[in-house]
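Chemist: What follows is the file structure28.cif, containing mmCIF, C-alpha atoms:
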```cif
data_data
#
loop_
_atom_site.group_PDB
_atom_site.id
_atom_site.type_symbol
_atom_site.label_atom_id
_atom_site.label_comp_id
_atom_site.auth_asym_id
_atom_site.auth_seq_id
_atom_site.Cartn_x
_atom_site.Cartn_y
_atom_site.Cartn_z
ATOM 1 C CA MET A 1 100.505 -194.178 14.448
ATOM 2 C CA GLN A 2 102.780 -196.796 12.934
ATOM 3 C CA ALA A 3 105.569 -195.927 10.561
ATOM 4 C CA VAL A 4 104.549 -196.205 6.941
ATOM 5 C CA THR A 5 106.587 -197.535 4.058
ATOM 6 C CA HIS A 6 107.084 -195.364 1.013
ATOM 7 C CA SER A 7 105.219 -197.879 -1.154
ATOM 8 C CA ALA A 8 102.194 -197.614 1.155
ATOM 9 C CA PHE A 9 102.361 -193.843 0.740
ATOM 10 C CA PHE A 10 102.026 -194.149 -3.030
ATOM 11 C CA ALA A 11 99.294 -196.765 -2.699
ATOM 12 C CA PHE A 12 96.851 -194.014 -1.739
ATOM 13 C CA GLY A 13 97.493 -192.288 -5.072
ATOM 14 C CA THR A 14 96.193 -188.912 -3.924
ATOM 15 C CA ILE A 15 99.548 -187.197 -3.751
ATOM 16 C CA ALA A 16 102.138 -187.981 -6.385
ATOM 17 C CA PHE A 17 105.371 -186.689 -4.912
ATOM 18 C CA VAL A 18 108.780 -188.249 -4.670
ATOM 19 C CA SER A 19 108.841 -189.890 -1.260
ATOM 20 C CA GLN A 20 112.424 -188.822 -0.569
ATOM 21 C CA LEU A 21 111.219 -185.208 -0.239
ATOM 22 C CA PHE A 22 109.250 -186.071 2.879
ATOM 23 C CA ALA A 23 110.335 -187.088 6.332
ATOM 24 C CA GLU A 24 108.520 -190.155 7.625
ATOM 25 C CA GLN A 25 106.546 -188.018 10.104
ATOM 26 C CA ASP A 26 105.313 -185.856 7.204
ATOM 27 C CA ILE A 27 104.211 -188.949 5.299
ATOM 28 C CA ASN A 28 102.364 -190.137 8.404
ATOM 29 C CA LYS A 29 100.572 -186.765 8.705
ATOM 30 C CA ILE A 30 99.516 -186.882 5.067
ATOM 31 C CA LEU A 31 98.356 -190.481 5.397
ATOM 32 C CA ALA A 32 96.341 -189.642 8.515
ATOM 33 C CA ILE A 33 94.450 -186.979 6.589
ATOM 34 C CA GLN A 34 93.935 -189.248 3.605
ATOM 35 C CA GLN A 35 92.719 -192.096 5.810
ATOM 36 C CA ALA A 36 90.238 -189.773 7.517
ATOM 37 C CA GLN A 37 88.931 -188.679 4.121
ATOM 38 C CA LEU A 38 88.698 -192.251 2.864
ATOM 39 C CA GLN A 39 86.766 -193.243 5.997
ATOM 40 C CA GLY A 40 84.180 -190.591 5.201
ATOM 41 C CA PHE A 41 84.943 -188.033 7.887
ATOM 42 C CA ALA A 42 83.445 -184.684 6.960
ATOM 43 C CA SER A 43 86.380 -182.726 8.331
ATOM 44 C CA ASN A 44 89.646 -182.020 6.613
ATOM 45 C CA PRO A 45 91.843 -181.110 9.595
ATOM 46 C CA TRP A 46 94.515 -178.438 9.613
ATOM 47 C CA LEU A 47 98.071 -179.699 10.122
ATOM 48 C CA ASP A 48 100.953 -177.771 11.652
ATOM 49 C CA CYS A 49 103.083 -177.587 8.485
ATOM 50 C CA GLY A 50 105.795 -175.075 9.333
ATOM 51 C CA ILE A 51 106.492 -171.447 10.158
ATOM 52 C CA ILE A 52 106.311 -168.273 8.111
ATOM 53 C CA THR A 53 110.036 -168.289 7.331
ATOM 54 C CA ASP A 54 109.582 -171.677 5.623
ATOM 55 C CA PHE A 55 107.757 -170.018 2.701
ATOM 56 C CA VAL A 56 109.710 -170.078 -0.567
ATOM 57 C CA ASN A 57 108.113 -168.282 -3.533
ATOM 58 C CA CYS A 58 104.734 -168.208 -1.783
ATOM 59 C CA GLU A 59 104.521 -171.853 -0.807
ATOM 60 C CA LEU A 60 105.826 -174.389 1.637
ATOM 61 C CA PRO A 61 108.118 -176.686 -0.378
ATOM 62 C CA ARG A 62 106.946 -179.842 1.420
ATOM 63 C CA TYR A 63 103.299 -178.798 1.104
ATOM 64 C CA PRO A 64 102.941 -177.129 -2.321
ATOM 65 C CA ALA A 65 100.068 -174.727 -2.887
ATOM 66 C CA THR A 66 98.855 -176.856 -5.786
ATOM 67 C CA HIS A 67 97.863 -179.549 -3.281
ATOM 68 C CA TYR A 68 97.425 -177.662 0.011
ATOM 69 C CA GLU A 69 95.778 -174.527 1.284
ATOM 70 C CA TYR A 70 97.363 -172.536 4.108
ATOM 71 C CA ALA A 71 96.151 -170.888 7.313
ATOM 72 C CA VAL A 72 97.440 -169.024 10.369
ATOM 73 C CA ALA A 73 96.028 -168.681 13.873
ATOM 74 C CA TYR A 74 96.911 -165.052 14.568
ATOM 75 C CA ASN A 75 94.600 -163.197 16.979
ATOM 76 C CA THR A 76 92.210 -166.125 16.588
ATOM 77 C CA THR A 77 91.675 -169.429 18.355
ATOM 78 C CA GLU A 78 91.581 -171.457 15.155
ATOM 79 C CA PRO A 79 93.438 -171.464 11.846
ATOM 80 C CA VAL A 80 92.148 -168.857 9.397
ATOM 81 C CA PRO A 81 92.749 -169.504 5.671
ATOM 82 C CA VAL A 82 95.332 -167.226 4.058
ATOM 83 C CA LEU A 83 96.531 -166.525 0.549
ATOM 84 C CA CYS A 84 100.130 -165.861 -0.395
ATOM 85 C CA SER A 85 100.419 -163.592 -3.406
ATOM 86 C CA LYS A 86 103.226 -162.175 -5.513
ATOM 87 C CA TRP A 87 103.232 -158.822 -7.231
ATOM 88 C CA ASN A 88 105.985 -156.874 -8.986
ATOM 89 C CA TYR A 89 108.039 -156.891 -5.796
ATOM 90 C CA GLY A 90 107.874 -159.361 -2.975
ATOM 91 C CA TYR A 91 105.293 -161.532 -1.309
ATOM 92 C CA ARG A 92 102.172 -160.927 0.764
ATOM 93 C CA ILE A 93 100.262 -163.305 3.030
ATOM 94 C CA ALA A 94 96.790 -162.211 4.168
ATOM 95 C CA ASN A 95 93.652 -163.810 5.539
ATOM 96 C CA LYS A 96 91.028 -164.605 2.903
ATOM 97 C CA GLN A 97 87.995 -163.832 5.062
ATOM 98 C CA PRO A 98 87.866 -160.612 7.090
ATOM 99 C CA TYR A 99 87.287 -160.721 10.830
ATOM 100 C CA LEU A 100 86.841 -158.012 13.485
ATOM 101 C CA VAL A 101 89.899 -155.812 13.992
ATOM 102 C CA ASP A 102 90.442 -152.591 15.912
ATOM 103 C CA SER A 103 87.743 -153.900 18.231
ATOM 104 C CA ASP A 104 89.102 -153.351 21.750
ATOM 105 C CA ALA A 105 85.950 -151.314 22.345
ATOM 106 C CA PRO A 106 83.308 -153.066 20.217
ATOM 107 C CA ASP A 107 80.915 -150.154 20.691
ATOM 108 C CA LYS A 108 83.408 -147.765 19.007
ATOM 109 C CA ASN A 109 83.113 -148.842 15.355
ATOM 110 C CA PRO A 110 85.161 -152.011 15.015
ATOM 111 C CA LYS A 111 86.226 -152.784 11.480
ATOM 112 C CA LEU A 112 86.324 -155.844 9.243
ATOM 113 C CA GLY A 113 89.850 -156.690 8.193
ATOM 114 C CA GLY A 114 92.720 -158.857 9.282
ATOM 115 C CA SER A 115 96.469 -159.323 9.320
ATOM 116 C CA MET A 116 99.021 -159.414 6.570
ATOM 117 C CA TRP A 117 102.697 -160.197 6.363
ATOM 118 C CA TYR A 118 104.966 -159.073 3.560
ATOM 119 C CA LEU A 119 108.540 -159.625 2.443
ATOM 120 C CA ASP A 120 110.794 -157.995 -0.185
ATOM 121 C CA THR A 121 108.269 -155.323 -1.168
ATOM 122 C CA LEU A 122 108.854 -151.616 -1.714
ATOM 123 C CA ALA A 123 107.018 -150.673 1.510
ATOM 124 C CA ALA A 124 109.033 -148.125 3.484
ATOM 125 C CA ASP A 125 109.237 -150.470 6.480
ATOM 126 C CA ASP A 126 110.263 -153.580 4.495
ATOM 127 C CA ALA A 127 113.824 -154.874 4.061
ATOM 128 C CA LYS A 128 114.032 -153.905 0.387
ATOM 129 C CA ALA A 129 113.446 -150.278 1.393
ATOM 130 C CA GLY A 130 115.750 -150.413 4.432
ATOM 131 C CA GLY A 131 113.216 -151.390 7.125
ATOM 132 C CA CYS A 132 113.179 -154.965 8.433
ATOM 133 C CA PRO A 133 116.343 -157.040 8.182
ATOM 134 C CA ALA A 134 116.584 -159.134 5.023
ATOM 135 C CA GLY A 135 114.557 -162.337 5.218
ATOM 136 C CA GLN A 136 112.178 -161.107 7.933
ATOM 137 C CA TRP A 137 108.510 -160.716 7.234
ATOM 138 C CA ARG A 138 106.742 -157.517 8.275
ATOM 139 C CA GLN A 139 103.295 -157.701 9.918
ATOM 140 C CA ARG A 140 100.519 -155.113 9.495
ATOM 141 C CA TYR A 141 96.798 -154.962 10.193
ATOM 142 C CA TRP A 142 94.356 -154.002 7.474
ATOM 143 C CA TYR A 143 90.670 -153.142 7.261
ATOM 144 C CA ILE A 144 88.034 -152.538 4.614
ATOM 145 C CA THR A 145 86.911 -148.953 4.070
ATOM 146 C CA ASN A 146 84.301 -147.357 1.850
ATOM 147 C CA LYS A 147 86.144 -144.072 1.274
ATOM 148 C CA ASP A 148 85.856 -144.553 -2.475
ATOM 149 C CA PRO A 149 82.961 -146.044 -4.489
ATOM 150 C CA GLU A 150 84.902 -149.214 -5.320
ATOM 151 C CA GLY A 151 85.959 -149.806 -1.721
ATOM 152 C CA SER A 152 89.540 -150.176 -0.626
ATOM 153 C CA LEU A 153 91.787 -151.456 2.134
ATOM 154 C CA LEU A 154 93.761 -149.423 4.618
ATOM 155 C CA THR A 155 96.626 -150.561 6.798
ATOM 156 C CA TYR A 156 96.826 -148.987 10.218
ATOM 157 C CA ALA A 157 99.114 -150.667 12.728
ATOM 158 C CA SER A 158 101.981 -153.110 12.886
ATOM 159 C CA ASN A 159 103.729 -155.507 15.210
ATOM 160 C CA GLY A 160 106.909 -154.778 13.308
ATOM 161 C CA CYS A 161 109.467 -157.088 11.828
ATOM 162 C CA TYR A 162 108.284 -160.618 12.215
ATOM 163 C CA SER A 163 110.988 -163.117 12.915
ATOM 164 C CA LYS A 164 108.759 -164.925 15.375
ATOM 165 C CA ASP A 165 107.702 -168.469 14.699
ATOM 166 C CA LEU A 166 104.273 -167.813 13.229
ATOM 167 C CA LYS A 167 102.853 -171.280 12.620
ATOM 168 C CA ILE A 168 101.563 -172.050 9.169
ATOM 169 C CA TYR A 169 98.837 -174.663 8.997
ATOM 170 C CA CYS A 170 97.874 -176.558 5.877
ATOM 171 C CA LYS A 171 95.260 -179.021 4.697
ATOM 172 C CA ILE A 172 94.721 -180.934 1.512
ATOM 173 C CA ARG A 173 92.787 -179.065 -1.168
ATOM 174 C CA ARG A 174 89.498 -180.697 -2.074
#
```
Re-express the file's structure as structure tokens.

Modeler:
Amino acid sequence: MQAVTHSAFFAFGTIAFVSQLFAEQDINKILAIQQAQLQGFASNPWLDCGIITDFVNCELPRYPATHYEYAVAYNTTEPVPVLCSKWNYGYRIANKQPYLVDSDAPDKNPKLGGSMWYLDTLAADDAKAGGCPAGQWRQRYWYITNKDPEGSLLTYASNGCYSKDLKIYCKIRR
């Protein structure tokens, strides 16, 4: 794809950001998506937008949550939409739609759930409580249970402190 001038970037009018915030390759990615949408393609492709440690206050600064949705491809072959949420302490990223977990033996009651990552929470294994080193996300698996009438989630296993380069994908919100 050819390099794009900053004025051409604003000509599309879909994203109103200051062009100096974006590297030229980022502008080209955004333009490619916009051009595909303008040409009537049904798909809105996922872009490789960063890694988990790029999150600041629950969003990727170059791809703000007001304009983009996020996804990860963790234990899946395709990006799965995630939500980053804040509570009293820290941040949590979790898949929006459950998928099969704890399913090594599918005939032994696999569960619907997913993966979550958290940072700066009061969880015993998080940095704030003396677990993971500061700035590292912690990964855990979760699943839906019906142990109470309202339903609830349980966490059950972890891959530990997550300093790995978990890719974060994003696409333009429609």

Chemist: Any idea what the distance is between CA of Tyr74 in chain A and CA of Ala124 in chain A?

Modeler: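 Value for the CA of Tyr74 in chain A-CA of Ala124 in chain A distance: 23.6 Å.
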
Chemist: Apply the PyMOL selection byres ((chain A and resi 123) around 12) to the structure shown and report the selected residues as a ChimeraX atom specification.

Modeler: /A:89-92,117-122,124-132,137-140,155

Chemist: Would you mind listing what lies within 10 Å of Ala73 in chain A as a list of chain:residue names, with all atoms listed in the file counted and same-chain residues fewer than 5 positions away left out?

Modeler: A:Glu78, A:Pro79, A:Val80, A:Pro81, A:Val82, A:Asn95, A:Leu166, A:Lys167, A:Ile168, A:Tyr169

Chemist: I need the residues from that last selection saved to file as a compact mmCIF listing (two decimals), in the coordinates of the input (with C-alpha atoms), if you can.

Modeler:
```txt
# COMPACT_ATOMS: atom_id res chain seq x y z
CA GLU A 78 91.58 -171.46 15.16
CA PRO A 79 93.44 -171.46 11.85
CA VAL A 80 92.15 -168.86 9.40
CA PRO A 81 92.75 -169.50 5.67
CA VAL A 82 95.33 -167.23 4.06
CA ASN A 95 93.65 -163.81 5.54
CA LEU A 166 104.27 -167.81 13.23
CA LYS A 167 102.85 -171.28 12.62
CA ILE A 168 101.56 -172.05 9.17
CA TYR A 169 98.84 -174.66 9.00
```

Chemist: Using 8 Å as the limit and counting only C-alpha atoms, can you tabulate each residue of range 134-173 of chain A that touches range 43-46 of chain A, with its shortest atom-to-atom distance in Å and the two atoms involved, as JSON lines?

Modeler:
```
{"residue": "A:Tyr169", "atom": "CA", "partner": "A:Trp46", "partner_atom": "CA", "distance": 5.8}
{"residue": "A:Cys170", "atom": "CA", "partner": "A:Trp46", "partner_atom": "CA", "distance": 5.4}
{"residue": "A:Lys171", "atom": "CA", "partner": "A:Trp46", "partner_atom": "CA", "distance": 5.0}
{"residue": "A:Ile172", "atom": "CA", "partner": "A:Asn44", "partner_atom": "CA", "distance": 7.3}
```

Chemist: Work out how far apart CA of Asn109 in chain A and CA of Trp142 in chain A are and give it in Å to one decimal.

Modeler: 14.7 Å

Chemist: From the set A:Tyr156, A:Tyr143, A:Thr66, A:Gln136, which residue has the shortest atom-to-atom contact distance to Asp54 in chain A, counting only C-alpha atoms?

Modeler: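 Going through A:Tyr156, A:Tyr143, A:Thr66, A:Gln136 one by one, the smallest distance to Asp54 in chain A is for A:Gln136.
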
Chemist: Do you have the CA of Gly135 in chain A-CA of Thr53 in chain A distance handy?

Modeler: 7.8 Å

Chemist: Might you pull out every residue within 6 Å of Ala94 in chain A, with all atoms listed in the file counted and same-chain residues fewer than 2 positions away left off, and present them as a VMD selection string?

Modeler: chain A and resid 82 to 83 115 to 116

Chemist: Could you write those residues out with C-alpha atoms, as a JSON list (two decimals), in the frame of the given file?

Modeler:
```
[["chain", "number", "residue", "atom", "x", "y", "z"],
["A", 82, "VAL", "CA", 95.33, -167.23, 4.06],
["A", 83, "LEU", "CA", 96.53, -166.52, 0.55],
["A", 115, "SER", "CA", 96.47, -159.32, 9.32],
["A", 116, "MET", "CA", 99.02, -159.41, 6.57]]
```

Chemist: Residues within 8 Å of Tyr99 in chain A, please, as a VMD selection string. Count only C-alpha atoms; anything in the same chain fewer than 2 positions from it doesn't count.

Modeler: chain A and resid 97 101 112 to 114

Chemist: If you count only C-alpha atoms, which residues fall within 12 Å of Cys49 in chain A, apart from same-chain ones fewer than 6 positions away, as a PDB file with C-alpha atoms, in the coordinates of the input?

Modeler:
```
ATOM      1  CA  PHE A  22     109.250-186.071   2.879  1.00  0.00           C
ATOM      2  CA  GLN A  25     106.546-188.018  10.104  1.00  0.00           C
ATOM      3  CA  ASP A  26     105.313-185.856   7.204  1.00  0.00           C
ATOM      4  CA  ILE A  27     104.211-188.949   5.299  1.00  0.00           C
ATOM      5  CA  LYS A  29     100.572-186.765   8.705  1.00  0.00           C
ATOM      6  CA  ILE A  30      99.516-186.882   5.067  1.00  0.00           C
ATOM      7  CA  PHE A  55     107.757-170.018   2.701  1.00  0.00           C
ATOM      8  CA  GLU A  59     104.521-171.853  -0.807  1.00  0.00           C
ATOM      9  CA  LEU A  60     105.826-174.389   1.637  1.00  0.00           C
ATOM     10  CA  PRO A  61     108.118-176.686  -0.378  1.00  0.00           C
ATOM     11  CA  ARG A  62     106.946-179.842   1.420  1.00  0.00           C
ATOM     12  CA  TYR A  63     103.299-178.798   1.104  1.00  0.00           C
ATOM     13  CA  PRO A  64     102.941-177.129  -2.321  1.00  0.00           C
ATOM     14  CA  TYR A  68      97.425-177.662   0.011  1.00  0.00           C
ATOM     15  CA  GLU A  69      95.778-174.527   1.284  1.00  0.00           C
ATOM     16  CA  TYR A  70      97.363-172.536   4.108  1.00  0.00           C
ATOM     17  CA  ALA A  71      96.151-170.888   7.313  1.00  0.00           C
ATOM     18  CA  VAL A  72      97.440-169.024  10.369  1.00  0.00           C
ATOM     19  CA  PRO A  79      93.438-171.464  11.846  1.00  0.00           C
ATOM     20  CA  ASP A 165     107.702-168.469  14.699  1.00  0.00           C
ATOM     21  CA  LEU A 166     104.273-167.813  13.229  1.00  0.00           C
ATOM     22  CA  LYS A 167     102.853-171.280  12.620  1.00  0.00           C
ATOM     23  CA  ILE A 168     101.563-172.050   9.169  1.00  0.00           C
ATOM     24  CA  TYR A 169      98.837-174.663   8.997  1.00  0.00           C
ATOM     25  CA  CYS A 170      97.874-176.558   5.877  1.00  0.00           C
ATOM     26  CA  LYS A 171      95.260-179.021   4.697  1.00  0.00           C
ATOM     27  CA  ILE A 172      94.721-180.934   1.512  1.00  0.00           C
TER      28      ILE A 172
END
```

Chemist: Starting from 3 Å padding per side, set up an axis-aligned box that covers all listed atoms of range 111-122 of chain A and hand over centre and edge lengths in Å, one decimal, as JSON.

Modeler:
```
{"center_x": 98.5, "center_y": -155.9, "center_z": 4.9, "size_x": 30.6, "size_y": 14.6, "size_z": 19.2}
```
